[in-house]
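This is coords-v8.txt. It holds compact mmCIF, C-alpha atoms and all ligand atoms.
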```
# COMPACT_ATOMS: atom_id res chain seq x y z
CA MET A 1461 107.68 52.38 93.08
CA SER A 1462 107.29 54.68 90.08
CA LEU A 1463 109.44 54.24 87.00
CA GLN A 1464 112.44 56.49 86.76
CA PHE A 1465 113.73 57.58 83.38
CA GLY A 1466 116.92 59.27 82.33
CA PRO A 1467 120.21 59.93 84.04
CA GLU A 1468 120.28 61.04 87.68
CA TYR A 1469 121.77 64.43 86.69
CA VAL A 1470 118.74 65.19 84.53
CA ARG A 1471 116.28 64.15 87.24
CA ALA A 1472 118.13 66.42 89.68
CA LEU A 1473 117.61 69.53 87.51
CA ALA A 1474 115.51 72.32 89.01
CA PRO A 1475 113.38 73.83 86.23
CA TYR A 1476 114.12 77.42 85.16
CA GLN A 1477 111.81 79.88 86.93
CA ALA A 1478 110.55 82.38 84.39
CA GLY A 1479 108.83 85.69 85.16
CA LYS A 1480 105.08 85.31 85.64
CA PRO A 1481 103.13 86.14 82.47
CA ILE A 1482 100.63 89.01 82.72
CA SER A 1483 97.68 86.71 81.91
CA GLU A 1484 98.57 84.37 84.77
CA VAL A 1485 98.77 87.17 87.35
CA ALA A 1486 95.46 88.59 86.10
CA ARG A 1487 93.78 85.19 86.60
CA GLU A 1488 95.41 84.47 89.94
CA PHE A 1489 94.71 87.84 91.55
CA GLY A 1490 91.46 88.71 89.77
CA LEU A 1491 92.98 91.75 88.05
CA ASP A 1492 92.42 93.40 84.68
CA GLU A 1493 95.33 92.58 82.34
CA ALA A 1494 95.32 96.15 81.06
CA ASN A 1495 96.23 97.48 84.50
CA ILE A 1496 99.10 95.10 85.15
CA VAL A 1497 102.67 96.37 85.00
CA LYS A 1498 105.33 93.74 84.26
CA LEU A 1499 108.88 94.62 85.20
CA ALA A 1500 110.07 91.06 85.63
CA SER A 1501 111.98 89.74 82.63
CA ASN A 1502 114.26 92.56 81.49
CA GLU A 1503 112.15 93.02 78.37
CA ASN A 1504 112.21 96.20 76.31
CA PRO A 1505 109.46 98.55 77.53
CA LEU A 1506 109.30 100.19 74.09
CA GLY A 1507 107.98 96.95 72.62
CA VAL A 1508 108.93 95.58 69.21
CA PRO A 1509 110.73 97.99 66.85
CA ALA A 1510 108.34 99.07 64.04
CA SER A 1511 111.05 98.12 61.54
CA ALA A 1512 110.94 94.53 62.81
CA VAL A 1513 107.13 94.38 62.65
CA ALA A 1514 107.22 95.41 59.01
CA ALA A 1515 109.90 92.81 58.24
CA MET A 1516 107.83 90.08 59.91
CA GLN A 1517 104.73 91.05 57.95
CA ALA A 1518 106.72 90.66 54.75
CA ALA A 1519 108.15 87.32 55.94
CA ALA A 1520 104.75 85.91 56.98
CA SER A 1521 103.78 84.85 53.45
CA GLU A 1522 106.88 82.65 53.23
CA LEU A 1523 106.17 80.55 56.30
CA ALA A 1524 105.29 77.40 54.37
CA ARG A 1525 109.00 77.15 53.60
CA TYR A 1526 111.68 76.09 56.06
CA PRO A 1527 113.87 78.91 57.33
CA ASP A 1528 117.32 79.46 55.85
CA ALA A 1529 119.27 76.93 57.91
CA ASN A 1530 122.42 79.01 57.60
CA GLY A 1531 120.69 82.32 58.22
CA PHE A 1532 122.58 84.01 55.40
CA GLU A 1533 120.86 87.40 55.57
CA LEU A 1534 120.98 87.56 59.33
CA LYS A 1535 124.66 86.65 59.33
CA GLN A 1536 125.19 89.33 56.69
CA ALA A 1537 123.53 91.85 58.99
CA ILE A 1538 125.70 90.72 61.90
CA GLN A 1539 128.78 90.85 59.70
CA ALA A 1540 127.90 94.40 58.62
CA LYS A 1541 127.33 95.59 62.16
CA PHE A 1542 130.15 93.80 64.00
CA ASN A 1543 132.70 93.45 61.24
CA VAL A 1544 133.22 89.69 61.63
CA PRO A 1545 133.25 87.05 58.86
CA GLN A 1546 130.19 84.81 58.58
CA ASP A 1547 132.09 81.70 59.59
CA TRP A 1548 132.64 83.34 62.99
CA ILE A 1549 128.89 83.48 63.70
CA THR A 1550 126.58 80.93 65.35
CA LEU A 1551 122.87 81.72 65.36
CA GLY A 1552 120.81 80.79 68.40
CA ASN A 1553 117.17 80.39 69.35
CA GLY A 1554 117.79 83.16 71.85
CA SER A 1555 121.27 83.42 73.30
CA ASN A 1556 120.18 80.76 75.79
CA ASP A 1557 120.53 78.39 72.90
CA ILE A 1558 124.13 79.51 72.36
CA LEU A 1559 124.92 78.83 76.02
CA GLU A 1560 123.42 75.35 75.83
CA ILE A 1561 125.05 74.56 72.51
CA ALA A 1562 128.40 75.50 74.05
CA ALA A 1563 127.85 73.16 77.00
CA HIS A 1564 126.79 70.29 74.72
CA ALA A 1565 129.60 70.80 72.27
CA LEU A 1566 132.40 71.25 74.78
CA VAL A 1567 131.72 69.35 77.98
CA GLN A 1568 131.41 65.67 78.86
CA PRO A 1569 129.63 64.27 81.92
CA GLY A 1570 131.88 64.54 84.96
CA GLU A 1571 134.00 67.41 83.65
CA SER A 1572 133.65 70.83 85.24
CA VAL A 1573 132.05 74.11 84.19
CA MET A 1574 132.67 77.34 86.07
CA TYR A 1575 130.47 80.34 86.76
CA ALA A 1576 130.03 82.91 89.50
CA GLN A 1577 127.68 82.94 92.46
CA TYR A 1578 124.69 85.22 91.70
CA SER A 1579 125.20 84.85 87.97
CA PHE A 1580 122.67 83.88 85.29
CA ALA A 1581 120.43 80.89 86.20
CA VAL A 1582 120.93 79.27 82.81
CA TYR A 1583 124.62 78.55 83.54
CA PRO A 1584 123.93 75.96 86.26
CA LEU A 1585 121.12 74.53 84.13
CA ALA A 1586 123.30 74.14 81.04
CA THR A 1587 126.06 72.66 83.22
CA LYS A 1588 123.88 70.14 84.98
CA ALA A 1589 121.99 69.18 81.81
CA VAL A 1590 125.20 67.70 80.40
CA GLY A 1591 126.09 65.93 83.64
CA ALA A 1592 129.00 68.26 84.33
CA ARG A 1593 130.26 69.32 87.74
CA ALA A 1594 129.66 72.96 88.62
CA ILE A 1595 132.39 75.14 90.06
CA CYS A 1596 130.44 78.07 91.45
CA VAL A 1597 132.87 80.76 92.60
CA ALA A 1598 131.84 83.10 95.43
CA ALA A 1599 130.89 86.57 94.25
CA LYS A 1600 132.66 89.76 95.26
CA ASP A 1601 130.32 92.72 95.84
CA TYR A 1602 127.57 90.75 94.04
CA GLY A 1603 129.69 90.42 90.90
CA HIS A 1604 132.33 88.12 89.40
CA ASP A 1605 135.56 87.72 91.33
CA LEU A 1606 137.80 86.99 88.36
CA ASP A 1607 140.94 86.42 90.44
CA ALA A 1608 139.13 83.78 92.47
CA MET A 1609 137.72 82.28 89.27
CA ALA A 1610 141.17 82.00 87.69
CA ALA A 1611 142.44 80.36 90.86
CA ALA A 1612 139.53 77.89 90.92
CA ILE A 1613 140.17 76.44 87.45
CA ALA A 1614 140.46 72.64 87.75
CA PRO A 1615 142.33 70.19 85.50
CA ASP A 1616 138.97 69.05 84.06
CA THR A 1617 137.42 72.52 83.58
CA LYS A 1618 136.19 72.89 80.00
CA LEU A 1619 133.94 75.92 80.02
CA ILE A 1620 133.65 79.20 81.94
CA PHE A 1621 130.59 81.46 81.80
CA ILE A 1622 130.92 85.18 82.47
CA ALA A 1623 128.01 87.61 82.18
CA ASN A 1624 128.94 91.24 81.65
CA PRO A 1625 126.90 93.09 82.79
CA ASN A 1626 125.74 90.34 85.11
CA ASN A 1627 122.13 89.23 85.60
CA PRO A 1628 120.47 89.35 88.18
CA THR A 1629 122.85 91.72 90.00
CA GLY A 1630 123.67 94.25 87.25
CA THR A 1631 127.38 94.34 88.13
CA PHE A 1632 129.97 95.24 85.50
CA LEU A 1633 133.53 94.08 84.87
CA PRO A 1634 135.78 96.72 83.34
CA ALA A 1635 137.70 95.74 80.21
CA GLU A 1636 141.09 95.55 81.96
CA GLN A 1637 139.80 92.90 84.34
CA ILE A 1638 138.40 90.74 81.56
CA ALA A 1639 141.56 91.12 79.49
CA ALA A 1640 143.71 90.07 82.44
CA PHE A 1641 141.45 87.07 83.07
CA LEU A 1642 141.50 85.91 79.44
CA ALA A 1643 145.29 86.04 79.48
CA LYS A 1644 145.30 83.65 82.47
CA VAL A 1645 142.82 81.04 81.20
CA PRO A 1646 144.50 77.99 79.61
CA SER A 1647 143.79 77.91 75.88
CA HIS A 1648 141.94 74.56 75.95
CA ILE A 1649 139.18 76.05 78.14
CA VAL A 1650 136.42 77.97 76.39
CA VAL A 1651 135.27 81.23 77.95
CA VAL A 1652 131.75 82.38 77.14
CA LEU A 1653 131.44 86.14 77.56
CA ASP A 1654 127.69 86.67 77.73
CA GLU A 1655 126.95 90.25 76.74
CA ALA A 1656 123.15 90.20 76.89
CA TYR A 1657 123.05 93.76 78.25
CA ASN A 1658 125.99 95.23 76.35
CA GLU A 1659 123.83 97.71 74.43
CA PHE A 1660 122.87 99.48 77.66
CA LEU A 1661 126.46 100.38 78.53
CA THR A 1662 127.25 104.07 78.34
CA LEU A 1663 130.07 105.13 76.02
CA ASP A 1664 132.61 105.37 78.83
CA HIS A 1665 132.06 101.70 79.73
CA GLN A 1666 131.96 100.20 76.26
CA TYR A 1667 134.85 97.94 75.29
CA ASP A 1668 135.88 95.91 72.25
CA SER A 1669 135.25 92.26 73.05
CA LEU A 1670 135.63 91.30 69.39
CA ALA A 1671 139.29 92.29 69.57
CA TRP A 1672 139.60 89.57 72.22
CA VAL A 1673 137.74 87.11 69.98
CA ARG A 1674 140.37 87.78 67.30
CA GLN A 1675 143.11 87.24 69.85
CA TYR A 1676 141.73 84.17 71.65
CA PRO A 1677 140.49 81.06 69.74
CA ASN A 1678 138.88 79.91 73.01
CA LEU A 1679 136.59 82.93 73.46
CA LEU A 1680 132.90 82.93 72.53
CA VAL A 1681 131.00 86.20 72.85
CA SER A 1682 127.23 85.87 73.00
CA ARG A 1683 124.68 88.53 72.20
CA THR A 1684 120.91 88.60 72.26
CA MET A 1685 118.10 90.34 70.39
CA SER A 1686 115.85 89.92 73.45
CA LYS A 1687 116.78 92.92 75.54
CA ALA A 1688 117.79 96.22 73.91
CA TYR A 1689 116.45 95.13 70.50
CA GLY A 1690 112.97 94.33 71.83
CA LEU A 1691 112.54 90.84 70.35
CA ALA A 1692 112.39 88.57 73.42
CA GLY A 1693 109.35 86.64 72.18
CA LEU A 1694 110.99 85.74 68.88
CA ARG A 1695 114.06 84.04 70.39
CA VAL A 1696 117.14 85.23 68.53
CA GLY A 1697 120.70 85.45 69.75
CA PHE A 1698 124.10 84.77 68.31
CA GLY A 1699 127.60 83.80 69.24
CA ILE A 1700 130.84 85.15 67.78
CA ALA A 1701 134.02 83.08 67.91
CA GLN A 1702 136.86 82.06 65.65
CA PRO A 1703 135.99 79.52 62.91
CA ALA A 1704 137.25 76.35 64.63
CA LEU A 1705 135.06 76.90 67.68
CA THR A 1706 132.18 78.20 65.57
CA ASP A 1707 132.33 75.09 63.38
CA LEU A 1708 132.08 72.87 66.45
CA LEU A 1709 129.09 74.79 67.81
CA ASN A 1710 127.31 74.56 64.48
CA ARG A 1711 127.59 70.77 64.49
CA ILE A 1712 125.45 70.72 67.63
CA ARG A 1713 123.09 73.51 66.56
CA GLN A 1714 119.70 72.41 65.23
CA PRO A 1715 119.62 73.39 61.55
CA PHE A 1716 116.41 75.43 61.79
CA ASN A 1717 116.88 76.81 65.29
CA VAL A 1718 116.07 80.39 64.28
CA ASN A 1719 112.73 80.65 62.48
CA SER A 1720 112.06 82.76 59.40
CA MET A 1721 110.09 85.51 61.14
CA ALA A 1722 112.80 85.81 63.76
CA GLN A 1723 115.56 86.01 61.15
CA ALA A 1724 113.71 88.73 59.22
CA ALA A 1725 112.92 90.74 62.34
CA ALA A 1726 116.48 90.49 63.62
CA VAL A 1727 117.89 91.76 60.33
CA ALA A 1728 115.63 94.81 60.57
CA ALA A 1729 116.28 95.42 64.26
CA LEU A 1730 120.06 95.20 63.91
CA ALA A 1731 119.93 98.04 61.40
CA ASP A 1732 117.59 100.13 63.56
CA SER A 1733 120.14 102.22 65.44
CA GLU A 1734 117.46 104.79 66.25
CA PHE A 1735 115.48 102.22 68.25
CA LEU A 1736 118.61 101.07 70.04
CA ALA A 1737 119.55 104.63 71.02
CA LYS A 1738 116.01 105.28 72.23
CA SER A 1739 116.06 102.09 74.33
CA ALA A 1740 119.36 103.03 75.94
CA ALA A 1741 118.24 106.60 76.70
CA LEU A 1742 114.95 105.41 78.19
CA ASN A 1743 116.89 102.95 80.31
CA THR A 1744 119.23 105.62 81.68
CA ALA A 1745 116.29 107.83 82.65
CA GLY A 1746 114.42 104.90 84.20
CA TYR A 1747 117.47 103.89 86.20
CA GLN A 1748 117.63 107.40 87.68
CA GLN A 1749 113.91 107.29 88.46
CA LEU A 1750 114.05 103.92 90.23
CA THR A 1751 117.27 104.46 92.14
CA ALA A 1752 116.15 107.93 93.31
CA ALA A 1753 113.05 106.28 94.77
CA PHE A 1754 115.11 103.53 96.43
CA THR A 1755 117.37 106.15 97.98
CA GLU A 1756 114.35 108.11 99.20
CA LEU A 1757 112.96 104.92 100.76
CA GLY A 1758 116.30 104.07 102.33
CA LEU A 1759 116.60 100.84 100.34
CA GLU A 1760 119.98 99.45 99.41
CA PHE A 1761 120.45 98.53 95.76
CA VAL A 1762 123.30 97.14 93.68
CA PRO A 1763 124.47 99.74 91.14
CA SER A 1764 123.39 98.32 87.78
CA TYR A 1765 124.77 98.50 84.26
CA GLY A 1766 121.85 96.58 82.76
CA ASN A 1767 118.14 97.31 82.26
CA PHE A 1768 117.15 96.20 85.76
CA VAL A 1769 118.05 96.89 89.38
CA LEU A 1770 118.53 94.49 92.28
CA VAL A 1771 117.06 96.11 95.39
CA LYS A 1772 117.05 94.93 99.00
CA VAL A 1773 113.52 95.17 100.34
CA GLY A 1774 114.09 93.91 103.89
CA ASP A 1775 116.55 92.35 106.31
CA ASP A 1776 114.82 89.01 106.84
CA ASP A 1777 114.85 86.09 104.43
CA GLY A 1778 111.09 86.37 103.92
CA ALA A 1779 111.33 89.97 102.67
CA GLY A 1780 111.62 89.34 98.94
CA ALA A 1781 108.68 86.92 98.80
CA ARG A 1782 106.54 89.10 101.09
CA VAL A 1783 107.06 92.33 99.17
CA ASN A 1784 106.69 90.46 95.89
CA LEU A 1785 103.27 89.18 96.94
CA ALA A 1786 102.20 92.65 98.08
CA LEU A 1787 103.25 93.99 94.66
CA LEU A 1788 101.45 91.22 92.76
CA LYS A 1789 98.22 92.03 94.60
CA GLN A 1790 98.57 95.56 93.24
CA GLY A 1791 99.15 94.25 89.72
CA VAL A 1792 102.91 94.80 89.62
CA ILE A 1793 105.07 91.87 88.51
CA VAL A 1794 108.76 91.98 89.43
CA ARG A 1795 111.27 89.16 89.90
CA PRO A 1796 111.86 87.50 93.24
CA VAL A 1797 115.41 86.14 93.37
CA GLY A 1798 115.20 83.58 96.17
CA ASN A 1799 116.25 80.97 93.61
CA TYR A 1800 119.55 82.89 93.34
CA ASN A 1801 119.88 82.76 97.12
CA LEU A 1802 119.05 86.45 97.37
CA PRO A 1803 115.83 86.17 99.40
CA GLN A 1804 116.01 89.73 100.75
CA PHE A 1805 116.08 91.23 97.25
CA LEU A 1806 113.84 91.80 94.25
CA ARG A 1807 115.01 92.42 90.71
CA ILE A 1808 113.12 95.22 88.98
CA SER A 1809 113.31 95.60 85.20
CA ILE A 1810 113.38 99.22 84.11
CA GLY A 1811 110.11 100.15 82.41
CA LEU A 1812 108.49 103.20 80.84
CA PRO A 1813 108.43 106.25 83.15
CA GLU A 1814 104.74 105.67 83.95
CA GLU A 1815 105.34 101.96 84.65
CA ASN A 1816 108.23 102.79 86.96
CA ALA A 1817 105.96 105.28 88.74
CA VAL A 1818 103.22 102.65 89.23
CA PHE A 1819 105.83 100.27 90.64
CA ILE A 1820 107.26 102.92 93.00
CA ALA A 1821 103.80 103.78 94.34
CA ALA A 1822 103.02 100.07 94.83
CA LEU A 1823 106.37 99.50 96.52
CA LYS A 1824 105.69 102.31 98.99
CA LYS A 1825 102.37 100.67 99.89
CA ALA A 1826 103.97 97.23 100.08
CA LEU A 1827 106.63 98.46 102.51
CA ALA A 1828 104.22 100.52 104.64
C1 LIG B 1901 118.32 87.55 79.21
C2 LIG B 1901 119.67 86.94 79.24
C3 LIG B 1901 120.14 86.13 78.22
C4 LIG B 1901 119.41 85.74 77.05
O1 LIG B 1901 118.29 85.61 76.75
P1 LIG B 1901 117.73 85.09 75.36
O2 LIG B 1901 116.38 85.65 75.36
O3 LIG B 1901 117.80 83.61 75.41
O4 LIG B 1901 118.62 85.64 74.29
C5 LIG B 1901 121.43 85.65 78.27
N1 LIG B 1901 122.21 85.93 79.27
C6 LIG B 1901 121.83 86.71 80.27
C7 LIG B 1901 122.79 87.02 81.34
C8 LIG B 1901 120.54 87.22 80.29
O5 LIG B 1901 120.15 87.96 81.32
```
Could you take the file, read its structure, and then write that structure out as structure tokens?
Ligand SMILES: *Cc1c(COP(=O)(O)O)cnc(C)c1O
Amino acid sequence: MSLQFGPEYVRALAPYQAGKPISEVAREFGLDEANIVKLASNENPLGVPASAVAAMQAAASELARYPDANGFELKQAIQAKFNVPQDWITLGNGSNDILEIAAHALVQPGESVMYAQYSFAVYPLATKAVGARAICVAAKDYGHDLDAMAAAIAPDTKLIFIANPNNPTGTFLPAEQIAAFLAKVPSHIVVVLDEAYNEFLTLDHQYDSLAWVRQYPNLLVSRTMSKAYGLAGLRVGFGIAQPALTDLLNRIRQPFNVNSMAQAAAVAALADSEFLAKSAALNTAGYQQLTAAFTELGLEFVPSYGNFVLVKVGDDDGAGARVNLALLKQGVIVRPVGNYNLPQFLRISIGLPEENAVFIAALKKALA
């Protein structure tokens, strides 16, 4: 018998399935990296903002020093942009870090954490990593059913994750629904409102979640620099909550969790409203391009408010994997979502117009 280490709930964890890197697909399928199109991880197709590259070059000569553990300049930039005091901010090594810090700070083994079916894969991971019990509430139209979630709150529930827009489905909860939900949640339960795709919302859908943070001491809003800001590889995100909750999170946070290059780049990117506007506009155009093609091909898709689209590529449970393989052979990487129990679907990140076109052509061949 082999030795077994660690608690049973850690051994039971299924590792996170990341999008395949370009280099791996090139090796596996004997393709030239330069011809591979990756639309798999909701990354920014515009790349890194030039402002952030310049900031990193300047920061490079300081790398012998530890980063600023309190991230003063980055918090200043967040304060300037979001109008919140610095003691309301928790910096994260990606917003993933914020989600995990919340689970570690707030939940004991055996207590429950709630999230929706078809919501972000990190929620079950963060839940199970602390030995908590998951309450996974059935989705409604591929999105959160907030009435059902409110009804499913248990006496031992300590944390609720909500992604808006949601990943991998792209669904969106209007402000009224979130406000009504927050009013129902008992004040000892922390709600994490994960707004990783907030910057892609059009004006008519934008809402003021920070007003809710001011109203509710049990609300934590998380944001990321990985998507609209184009810094996925650097790992920067942040949480905004009232000081009592923020103080608790910062006790769990590793002191140097956001490195110096990442802090410098994030400061520059946060101020780069031109890049943000360009990203959002490109995304809107790409969404039209992809969904027009899906309609032409007679494929169902879930209307998306993020920078990706969930599309149904067949009626059998082998469809997602089959079409995914046919796409990979043509050098197109998208995201199969069988791990989300959506085996008939693929999630396509919105790319540059020419990348979307390569994907559409490959999809046509894959379906033929
Ligand atoms: C991508 C994503 C994140 C965060 O990613 P980081 O790179 O860790 O900041 C968080 N939540 C959702 C729903 C996401 O899709």
* To do: Write as a PyMOL selection string the residues around ligand LIG 1901 (chain B), taking 9 Å as the cut-off and counting all atoms listed in the file.
  => chain A and resi 1501-1503+1552-1559+1579-1583+1622-1628+1654-1657+1682-1687+1691-1698+1766
* To do: Just give me the gap between CA of His1665 (chain A) and CA of Gln1637 (chain A) in Å, one decimal is fine.
  => 12.6 Å
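Counting only C-alpha atoms, the residue from A:Asp1732, A:Ala1486, A:Phe1819, A:Leu1827 that sits nearest to Gly1758 (chain A) is A:Leu1827.
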* Asked: If you count all atoms listed in the file, which residues fall within 7 Å of region 1724-1730 of chain A, apart from same-chain ones fewer than 4 positions away, as a ChimeraX atom specification?
  -> /A:1509,1511-1513,1515-1516,1519,1534,1537,1685,1689,1720
* Asked: What lies within 7 Å of Phe1805 (chain A) using all atoms listed in the file, ignoring chain neighbours under 4 positions off, as a PyMOL selection string?
  -> chain A and resi 1770-1773+1780+1796-1797
